[in-house]
Structures are given as C-alpha cells and as structure tokens.
$ cat coords04.csv   # CSV, C-alpha atoms
chain,number,residue,atom,x,y,z
A,1,MET,CA,6.6,98.1,48.2
A,2,THR,CA,8.7,99.4,51.0
A,3,THR,CA,10.2,97.3,53.7
A,4,PRO,CA,8.0,97.9,56.9
A,5,HIS,CA,9.6,100.0,59.5
A,6,HIS,CA,10.7,98.3,62.6
A,7,GLU,CA,7.9,98.8,65.2
A,8,GLY,CA,10.4,99.9,67.8
A,9,ALA,CA,11.3,102.9,65.7
A,10,ALA,CA,7.7,103.8,64.9
A,11,ALA,CA,6.0,106.8,66.5
A,12,VAL,CA,2.7,105.6,65.0
A,13,SER,CA,1.8,101.9,64.6
A,14,VAL,CA,-1.4,100.5,63.1
A,15,ARG,CA,-1.7,96.7,63.0
A,16,ASN,CA,-4.7,95.0,61.3
A,17,LEU,CA,-7.1,97.8,62.3
A,18,ARG,CA,-10.8,97.1,62.0
A,19,GLN,CA,-13.6,99.5,62.6
A,20,SER,CA,-17.3,98.6,62.4
A,21,TYR,CA,-20.5,100.6,62.6
A,22,GLY,CA,-23.2,98.0,63.2
A,23,ASN,CA,-22.9,95.5,60.4
A,24,PHE,CA,-20.8,97.9,58.2
A,25,GLU,CA,-17.1,97.4,58.4
A,26,ALA,CA,-15.6,100.8,57.5
A,27,VAL,CA,-11.9,99.8,58.1
A,28,ARG,CA,-10.9,96.2,57.2
A,29,GLY,CA,-7.4,95.1,58.3
A,30,VAL,CA,-5.3,98.3,57.8
A,31,SER,CA,-1.7,98.2,58.8
A,32,PHE,CA,1.1,100.9,58.5
A,33,THR,CA,3.7,102.7,60.6
A,34,VAL,CA,5.0,106.3,60.7
A,35,ALA,CA,8.5,107.0,62.0
A,36,PRO,CA,9.8,110.1,63.6
A,37,GLY,CA,10.8,112.6,60.9
A,38,GLU,CA,8.6,111.0,58.3
A,39,LEU,CA,5.4,112.1,56.6
A,40,PHE,CA,2.9,109.3,55.7
A,41,ALA,CA,0.0,110.3,53.4
A,42,LEU,CA,-3.2,108.3,53.7
A,43,LEU,CA,-5.3,108.8,50.5
A,44,GLY,CA,-8.6,107.5,49.4
A,45,THR,CA,-12.0,108.2,48.0
A,46,ASN,CA,-14.8,109.5,50.2
A,47,GLY,CA,-15.9,106.7,52.4
A,48,ALA,CA,-12.7,104.8,52.0
A,49,GLY,CA,-12.1,104.7,55.7
A,50,LYS,CA,-9.2,107.1,56.1
A,51,THR,CA,-10.9,109.6,58.4
A,52,THR,CA,-12.1,106.7,60.6
A,53,THR,CA,-8.5,105.5,60.8
A,54,VAL,CA,-7.2,108.9,61.7
A,55,GLU,CA,-9.9,109.4,64.4
A,56,THR,CA,-9.0,106.0,65.9
A,57,LEU,CA,-5.3,107.1,66.1
A,58,GLU,CA,-6.4,110.4,67.7
A,59,GLY,CA,-8.1,108.4,70.4
A,60,PHE,CA,-11.7,109.2,69.6
A,61,ARG,CA,-12.6,105.6,68.7
A,62,ARG,CA,-11.7,102.3,70.2
A,63,PRO,CA,-10.7,99.7,67.5
A,64,SER,CA,-13.3,97.0,66.7
A,65,GLY,CA,-10.3,94.8,66.0
A,66,GLY,CA,-6.5,95.0,65.7
A,67,SER,CA,-4.5,97.7,67.4
A,68,VAL,CA,-3.2,101.2,67.1
A,69,ARG,CA,-0.3,102.6,69.1
A,70,VAL,CA,1.3,106.1,69.4
A,71,PHE,CA,4.7,105.8,71.1
A,72,GLY,CA,3.7,102.4,72.2
A,73,THR,CA,0.6,103.6,74.0
A,74,ASP,CA,-3.1,103.0,73.1
A,75,PRO,CA,-4.4,106.4,72.3
A,76,PHE,CA,-8.1,105.7,73.1
A,77,GLY,CA,-9.4,108.3,75.5
A,78,GLN,CA,-6.4,110.5,74.8
A,79,PRO,CA,-4.4,109.4,77.9
A,80,ALA,CA,-2.4,112.1,79.8
A,81,ALA,CA,0.9,110.6,78.7
A,82,LEU,CA,0.2,111.3,75.1
A,83,ARG,CA,-1.5,114.7,75.2
A,84,PRO,CA,1.7,116.8,75.3
A,85,ARG,CA,3.3,114.8,72.5
A,86,VAL,CA,0.4,114.7,70.0
A,87,ASN,CA,-1.6,117.4,68.2
A,88,ALA,CA,-3.9,117.5,65.2
A,89,VAL,CA,-5.5,119.7,62.5
A,90,LEU,CA,-9.0,118.2,62.3
A,91,GLN,CA,-11.5,118.8,59.5
A,92,HIS,CA,-13.7,120.9,61.7
A,93,SER,CA,-12.1,123.5,63.9
A,94,GLY,CA,-13.1,123.8,67.6
A,95,VAL,CA,-12.1,127.4,68.2
A,96,PHE,CA,-14.3,130.2,69.6
A,97,GLU,CA,-15.3,132.4,66.7
A,98,GLU,CA,-15.9,135.4,69.0
A,99,LEU,CA,-12.2,135.6,70.0
A,100,THR,CA,-9.6,137.4,68.0
A,101,VAL,CA,-6.8,135.4,66.3
A,102,ALA,CA,-4.3,136.6,68.9
A,103,GLU,CA,-6.7,135.7,71.8
A,104,THR,CA,-7.2,132.2,70.3
A,105,VAL,CA,-3.4,131.6,70.1
A,106,GLU,CA,-3.0,132.9,73.7
A,107,LEU,CA,-5.7,130.6,75.0
A,108,ALA,CA,-4.0,127.6,73.3
A,109,ARG,CA,-0.7,128.7,74.8
A,110,ASP,CA,-2.2,128.7,78.3
A,111,LEU,CA,-3.1,125.0,77.9
A,112,ALA,CA,0.3,123.9,76.6
A,113,ALA,CA,3.4,122.9,78.6
A,114,ASP,CA,6.1,124.5,76.4
A,115,PRO,CA,4.4,126.6,73.7
A,116,LEU,CA,5.9,128.7,71.0
A,117,ASP,CA,5.3,132.4,71.5
A,118,THR,CA,2.3,134.1,69.9
A,119,ALA,CA,4.3,136.2,67.5
A,120,THR,CA,6.2,133.2,66.2
A,121,VAL,CA,3.0,131.3,65.6
A,122,LEU,CA,1.3,134.1,63.8
A,123,ASP,CA,4.3,134.8,61.6
A,124,MET,CA,4.6,131.1,60.8
A,125,VAL,CA,1.1,130.9,59.4
A,126,SER,CA,1.1,134.4,57.9
A,127,LEU,CA,-1.7,135.8,60.2
A,128,ALA,CA,0.3,138.5,62.0
A,129,ASP,CA,-1.8,141.1,60.2
A,130,LYS,CA,-5.0,139.4,61.4
A,131,ALA,CA,-4.0,139.3,65.1
A,132,GLY,CA,-6.9,141.6,66.1
A,133,VAL,CA,-9.5,140.2,63.8
A,134,THR,CA,-12.1,137.8,65.2
A,135,VAL,CA,-12.0,134.3,64.0
A,136,ARG,CA,-15.5,134.6,62.6
A,137,ARG,CA,-14.2,137.1,60.0
A,138,LEU,CA,-11.4,134.9,58.7
A,139,SER,CA,-11.8,133.2,55.3
A,140,GLY,CA,-11.9,129.4,55.2
A,141,GLY,CA,-8.2,129.2,54.2
A,142,GLN,CA,-7.2,131.6,57.0
A,143,LYS,CA,-9.0,129.4,59.5
A,144,ARG,CA,-7.1,126.4,58.3
A,145,ARG,CA,-3.9,128.2,58.7
A,146,LEU,CA,-4.9,129.2,62.3
A,147,ASP,CA,-5.7,125.6,63.0
A,148,LEU,CA,-2.3,124.6,61.9
A,149,GLY,CA,-0.7,127.3,64.0
A,150,LEU,CA,-2.6,126.0,67.1
A,151,ALA,CA,-1.4,122.5,66.4
A,152,VAL,CA,2.3,123.3,66.0
A,153,LEU,CA,2.6,125.8,68.9
A,154,THR,CA,2.6,122.8,71.3
A,155,ARG,CA,5.8,121.4,69.7
A,156,PRO,CA,4.2,118.0,69.0
A,157,GLU,CA,6.2,114.9,68.2
A,158,VAL,CA,3.2,113.4,66.3
A,159,LEU,CA,1.0,115.6,64.1
A,160,PHE,CA,-2.2,114.4,62.5
A,161,LEU,CA,-3.3,116.6,59.5
A,162,ASP,CA,-6.8,115.9,58.2
A,163,GLU,CA,-7.2,117.9,54.9
A,164,PRO,CA,-5.1,120.8,56.3
A,165,THR,CA,-5.1,123.0,53.1
A,166,THR,CA,-8.8,122.9,52.2
A,167,GLY,CA,-9.9,126.3,51.2
A,168,MET,CA,-6.4,127.7,50.6
A,169,ASP,CA,-5.3,129.4,47.4
A,170,PRO,CA,-2.4,127.8,45.6
A,171,GLU,CA,0.2,130.3,46.9
A,172,MET,CA,-0.8,129.8,50.5
A,173,ARG,CA,-1.0,126.0,50.0
A,174,ARG,CA,2.6,126.0,49.1
A,175,GLU,CA,3.5,128.2,52.0
A,176,THR,CA,1.7,125.7,54.2
A,177,TRP,CA,3.7,122.9,52.7
A,178,LYS,CA,6.9,124.7,53.8
A,179,ILE,CA,5.5,124.7,57.4
A,180,ILE,CA,4.7,121.0,57.2
A,181,ASN,CA,8.1,120.2,55.8
A,182,GLY,CA,9.7,122.1,58.6
A,183,GLN,CA,7.9,120.0,61.2
A,184,VAL,CA,9.1,116.8,59.5
A,185,ALA,CA,12.7,118.2,59.3
A,186,GLU,CA,12.5,118.7,63.1
A,187,GLY,CA,11.7,115.0,63.6
A,188,VAL,CA,7.9,115.2,63.9
A,189,ALA,CA,6.0,112.1,62.7
A,190,VAL,CA,3.2,113.4,60.4
A,191,LEU,CA,0.1,111.5,59.2
A,192,LEU,CA,-1.6,113.5,56.4
A,193,THR,CA,-4.9,112.9,54.7
A,194,THR,CA,-5.6,115.0,51.6
A,195,HIS,CA,-7.7,115.1,48.4
A,196,TYR,CA,-4.9,117.0,46.7
A,197,LEU,CA,-2.7,114.4,45.0
A,198,GLU,CA,0.0,116.9,44.1
A,199,GLU,CA,0.2,117.7,47.9
A,200,ALA,CA,0.8,114.0,48.7
A,201,GLU,CA,3.4,113.7,45.9
A,202,ARG,CA,5.3,116.8,47.1
A,203,LEU,CA,5.2,116.0,50.8
A,204,ALA,CA,5.0,112.3,51.4
A,205,ASP,CA,7.9,110.1,52.2
A,206,ARG,CA,5.5,107.2,51.9
A,207,LEU,CA,1.8,107.0,51.0
A,208,ALA,CA,-1.1,104.5,50.9
A,209,ILE,CA,-4.3,104.6,48.9
A,210,MET,CA,-7.4,103.2,50.6
A,211,HIS,CA,-10.5,101.9,49.0
A,212,GLN,CA,-13.5,100.3,50.6
A,213,GLY,CA,-11.8,100.1,54.0
A,214,GLU,CA,-8.6,98.5,52.8
A,215,ILE,CA,-5.1,99.7,51.7
A,216,ARG,CA,-4.8,98.8,48.0
A,217,VAL,CA,-1.4,100.4,47.2
A,218,GLU,CA,1.5,101.5,49.5
A,219,GLY,CA,5.0,102.7,49.0
A,220,THR,CA,7.1,105.8,48.3
A,221,PRO,CA,5.5,108.1,45.7
A,222,SER,CA,8.2,107.2,43.2
A,223,GLU,CA,7.7,103.5,43.8
A,224,VAL,CA,4.0,103.7,43.4
A,225,VAL,CA,4.2,105.7,40.2
A,226,ALA,CA,7.1,103.6,38.7
A,227,GLY,CA,5.3,100.4,39.4
A,228,TRP,CA,2.3,101.7,37.4
A,229,GLY,CA,4.3,102.1,34.1
A,230,ASP,CA,4.8,104.6,31.4
A,231,ARG,CA,2.3,105.8,28.8
A,232,ILE,CA,2.8,106.0,25.0
A,233,GLY,CA,-0.2,107.6,23.2
A,234,PHE,CA,-1.1,109.0,19.8
A,235,ARG,CA,-4.2,109.8,17.8
A,236,LEU,CA,-5.2,106.7,15.8
A,237,PRO,CA,-4.7,107.3,12.1
A,238,ALA,CA,-8.0,107.4,10.2
A,239,HIS,CA,-7.4,104.3,8.0
A,240,ILE,CA,-5.8,102.1,10.7
A,241,ARG,CA,-7.9,99.7,12.7
A,242,SER,CA,-6.9,98.9,16.3
A,243,GLU,CA,-6.1,95.3,15.5
A,244,GLU,CA,-3.5,96.5,13.0
A,245,LEU,CA,-1.5,98.3,15.8
A,246,PRO,CA,1.8,96.6,16.7
A,247,ARG,CA,2.4,94.6,19.8
A,248,LEU,CA,5.1,96.3,21.9
A,249,PRO,CA,7.3,94.7,24.5
A,250,ASP,CA,5.9,94.7,28.1
A,251,ALA,CA,3.0,96.9,26.9
A,252,GLU,CA,-0.7,96.7,27.0
A,253,LEU,CA,-2.8,98.5,24.4
A,254,ALA,CA,-6.1,100.3,25.1
A,255,ILE,CA,-8.2,102.5,22.8
A,256,ASP,CA,-9.3,105.8,24.4
A,257,VAL,CA,-11.4,108.7,23.1
A,258,ARG,CA,-10.2,112.3,23.4
A,259,GLU,CA,-12.1,115.2,22.0
A,260,GLY,CA,-14.1,112.8,19.8
A,261,ASP,CA,-11.1,111.1,18.3
A,262,PRO,CA,-9.9,107.6,19.0
A,263,TRP,CA,-6.5,107.3,20.7
A,264,ALA,CA,-4.1,104.4,21.0
A,265,VAL,CA,-2.6,104.3,24.5
A,266,TYR,CA,0.1,101.8,25.5
A,267,THR,CA,0.8,101.2,29.2
A,268,VAL,CA,4.4,100.0,29.4
A,269,THR,CA,5.6,98.1,32.5
A,270,GLY,CA,8.7,96.1,33.3
A,271,SER,CA,11.4,95.9,35.9
A,272,ASP,CA,13.9,98.0,33.9
A,273,VAL,CA,12.3,101.4,34.6
A,274,ALA,CA,15.1,103.3,32.9
A,275,SER,CA,14.8,101.7,29.5
A,276,ARG,CA,11.3,100.2,29.2
A,277,ALA,CA,9.7,103.2,27.4
A,278,HIS,CA,12.6,103.3,24.9
A,279,ARG,CA,12.3,99.6,24.2
A,280,ALA,CA,8.6,100.0,23.5
A,281,LEU,CA,8.9,103.3,21.5
A,282,ALA,CA,11.6,102.1,19.1
A,283,PRO,CA,9.5,99.3,17.5
A,284,LEU,CA,6.4,101.6,17.4
A,285,LEU,CA,8.3,104.2,15.4
A,286,ALA,CA,9.7,101.5,13.1
A,287,TRP,CA,6.2,100.2,12.5
A,288,ALA,CA,5.0,103.7,11.6
A,289,GLU,CA,8.0,104.3,9.3
A,290,GLU,CA,7.4,101.0,7.4
A,291,ARG,CA,3.8,102.2,6.7
A,292,SER,CA,4.7,105.9,6.0
A,293,LEU,CA,2.5,106.9,8.9
A,294,THR,CA,2.7,110.0,11.0
A,295,LEU,CA,1.7,109.4,14.6
A,296,GLU,CA,-0.1,112.6,15.3
A,297,ARG,CA,0.2,114.1,18.8
A,298,LEU,CA,2.6,111.4,19.9
A,299,GLU,CA,3.2,111.6,23.6
A,300,LEU,CA,5.4,109.7,26.1
A,301,ARG,CA,4.9,110.3,29.8
A,302,SER,CA,5.4,108.6,33.1
A,303,ALA,CA,2.4,107.5,35.1
A,304,SER,CA,1.1,109.9,37.7
A,305,LEU,CA,-0.3,109.4,41.1
A,306,GLU,CA,-3.6,110.4,39.6
A,307,ASP,CA,-3.5,107.4,37.2
A,308,VAL,CA,-2.9,105.1,40.2
A,309,PHE,CA,-5.6,106.7,42.4
A,310,LEU,CA,-8.3,106.7,39.7
A,311,SER,CA,-7.6,103.0,39.0
A,312,VAL,CA,-7.9,102.1,42.7
A,313,ALA,CA,-11.0,104.2,43.0
A,314,SER,CA,-12.7,102.6,40.0
A,315,GLY,CA,-11.9,99.2,41.3
A,316,ASP,CA,-9.5,98.3,38.5
A,317,LEU,CA,-7.2,96.4,40.8
A,318,ALA,CA,-6.5,93.7,38.3
A,319,ASP,CA,-4.6,96.3,36.3
A,320,LEU,CA,-2.4,97.3,39.2
A,321,PRO,CA,1.1,95.8,39.5
A,322,GLY,CA,1.1,92.9,42.0
A,323,HIS,CA,-2.7,92.2,41.6

$ encode --input "coords04.csv" --output "structure tokens"
Amino acid sequence: MTTPHHEGAAAVSVRNLRQSYGNFEAVRGVSFTVAPGELFALLGTNGAGKTTTVETLEGFRRPSGGSVRVFGTDPFGQPAALRPRVNAVLQHSGVFEELTVAETVELARDLAADPLDTATVLDMVSLADKAGVTVRRLSGGQKRRLDLGLAVLTRPEVLFLDEPTTGMDPEMRRETWKIINGQVAEGVAVLLTTHYLEEAERLADRLAIMHQGEIRVEGTPSEVVAGWGDRIGFRLPAHIRSEELPRLPDAELAIDVREGDPWAVYTVTGSDVASRAHRALAPLLAWAEERSLTLERLELRSASLEDVFLSVASGDLADLPGH
C-alpha cells in the first residue's frame, strides 16, 4: 500500500465517501486522493460504485456521507470557482450531432476562458480530416476522441475520464494514451475509470479496485501485482495425484483445469519479491528429477492486474494479501 498523499498537496480528495439510493448504499466509505501530475485509475465491476464516485466528484451528486473536495472546494453544483479548472469526458456525450466537428470545437472554445485553438485540438485527437463532417456521422471511437478534445481544450487542472477509449481500435487507443500522458506530464490531475486493465497498468501512477461500494485493493500497479505473487504452473502428470505434489516455500497449491487437462498451479508469495519464484522453483525441479518426471508445459509468470481484479470481483478477498 502506498503512503497517502498529504491532503494539502491533493487536487482531488475523497474522504469516507458514502452514497445511498434509498436503502441501497452504492458507495461505502471510499477514500483516496489525486495529486497534480498524477493519474489515479478507479477500477471495478459493473455496479461497484466507481461511476457514482466520479459523478459526485464532478458535482452532480451531493454525498450522503463523508466529503469530496477539488482544490479544497466542495464540487456539488459545479461552483463557478471550479468550472475553469475542471473538465471531464463522460460516458455519454452532450454534443449537438447536427454540428460539424469544427463547429463543435468552436462552440466549446466560445465557452472557455483560455482555450486551445481549433487546429491544435483537431490535430491532437486526429480529427483534422473530419473537421467538416457532422458529429452524427462519426464512429463511436471518433466521438470519444472528440469528447477528449473538448475536455482538454479548456486547459484543465483536473480531468475526469470515464471510460474514455470505449469504441476505439487498438491503434487509436494507444494514440489516446499519449494524449492522456501528455496531460499528466503538464501537471494535470487525472482520475480515470476504465474496463481495459491494460490501460490502467500503462497509464496509472496509482489505482484502486472497487467491489460492492468499497475499495478492496489500492497501490501502484507494481505494488498491487507484486503483492499478489508469482505463478508456477504445469500439466499434472497422468500418474501423479495432487496430494503427491511437493510443498513449496511460501506457495499455495491449487488444481486447475485447462483444455480438459488437470494443471497444478502454485501461487508464490513472500516479502523477497526478487527471489521468491526461484526459491520455490528449485525444490520443484528437484522433486521432479528424483522421480524422473517431465513437467510438461512448465510456466513461470508474474501475477497480472487481471488476476487481482478477477479475485476481487469474485469475492475471493481471503486470498488477497493483507486479508
């Protein structure tokens, strides 16, 4: 786990946030901060509460409990003091589909205090060749790129990105990551929600995974993945029973099924990240050598963010480090 940022340095601060809809509590005691020049990714399954959290930070909802602050100000109602400093890419665009792309950007520029020029915005999001095309005729991915352009043209200091690359092909998704990284490099505090775990791993300085209204895991991507351990796996030899498999240091054994075959999978944890897989693999190989066994399709890999996410989503919190 990372050391919490000092609140005075935070552009975004969430403290024990609770949000209820009648008797249903959608967000239950969520806390995190986002500093200037930092990207914080908020992940979770559908219904985990992440969109409700972001909508509260955007000023669309008043907290049922706890507090949210953007530059020390309560964002509820989108006060005038925050409007020039904050922008967002929402899940649903609010643009006029009858306008052309260029007209849409010009309209947004008219409402901004110190906007980027139209050509810069269109070049940034690779829509210069669509300037005269109506928004209605854009693909879903192109509309998301336009939404991002409209958000960054105001030169925001805080940027909320709610599923910003939905509908984009892999090449354009990576181009969009460059734009987002550029905003962070300029000192913008970015809060990102995404279903693309690779996106979170690539972009996030820190991340949190929500489940059932609570943050279950938080830290830098490397901390989260390292804390979850390494994996040693192989196809179980036909004449070996699972109870005959060796005990390995700092490792837990599970039997999986892949393509109809039983697999032995060891999850190796321990504080010495650099050597823990080696310390577990060596006695396994010695055990196999003593029995003249070939461990078919032997694999050694680090845990992935997907491993952690799926464990949180399935409710297997007892298996997570620290639980």

$ residues_near_point --input "coords04.csv" --point "(10.5, 114.1, 43.1)" --cutoff "10 Å" --atoms "only C-alpha atoms" --output "PyMOL selection string"
chain A and resi 201-203+221-222

$ closest_residue --input "coords04.csv" --among "A:Asp123, A:Glu218, A:Glu98, A:Glu58" --to "A:Pro79" --atoms "only C-alpha atoms"
A:Glu58

$ closest_residue --input "coords04.csv" --among "A:Ala113, A:Gly22, A:Ala80, A:Leu191" --to "A:Pro36" --atoms "all atoms listed in the file"
A:Leu191

$ residues_around --input "coords04.csv" --residues "A:Glu171" --least-positions-apart "5" --cutoff "12 Å" --atoms "all atoms listed in the file" --output "list of chain:residue names"
A:Ser126, A:Gly141, A:Thr165, A:Thr176, A:Trp177, A:Lys178

$ closest_atom_pairs --input "coords04.csv" --of "stretch 141-212 of chain A" --to "stretch 287-305 of chain A" --cutoff "9 Å" --atoms "only C-alpha atoms" --output "CSV"
residue,atom,partner,partner_atom,distance
A:Leu197,CA,A:Leu305,CA,6.8
A:Glu198,CA,A:Leu305,CA,8.1
A:Ala200,CA,A:Leu305,CA,9.0
A:Glu201,CA,A:Leu305,CA,7.4

$ residues_around --input "coords04.csv" --residues "stretch 238-245 of chain A" --least-positions-apart "6" --cutoff "10 Å" --atoms "all atoms listed in the file" --output "ChimeraX atom specification"
/A:253-255,261-264,284,287-288,293

$ residues_near_point --input "coords04.csv" --point "(-17.1, 127.8, 65.2)" --cutoff "12 Å" --atoms "all atoms listed in the file" --output "list in words"
His92, Ser93, Gly94, Val95, Phe96, Glu97, Glu98, Leu99, Thr104, Thr134, Val135, Arg136, Arg137, Leu138, Gly140, Lys143 and Asp147 of chain A

$ residues_around --input "coords04.csv" --residues "A:Thr52" --least-positions-apart "6" --cutoff "12 Å" --atoms "only C-alpha atoms" --output "list in words"
Leu17, Arg18, Gln19, Ser20, Tyr21, Glu25, Ala26, Val27, Arg28, Val30, Leu42, Gly44, Asn46, Glu58, Gly59, Phe60, Arg61, Arg62, Pro63, Ser64, Asp162, Thr193, Met210, Gln212, Gly213 and Glu214 of chain A

$ closest_residue --input "coords04.csv" --among "A:Pro115, A:Gly72, A:Gly65, A:Gly233" --to "A:Ser31" --atoms "all atoms listed in the file"
A:Gly65

$ atom_distance --input "coords04.csv" --atom1 "atom CA of A:Gly187" --atom2 "atom CA of A:Leu116"
16.6 Å
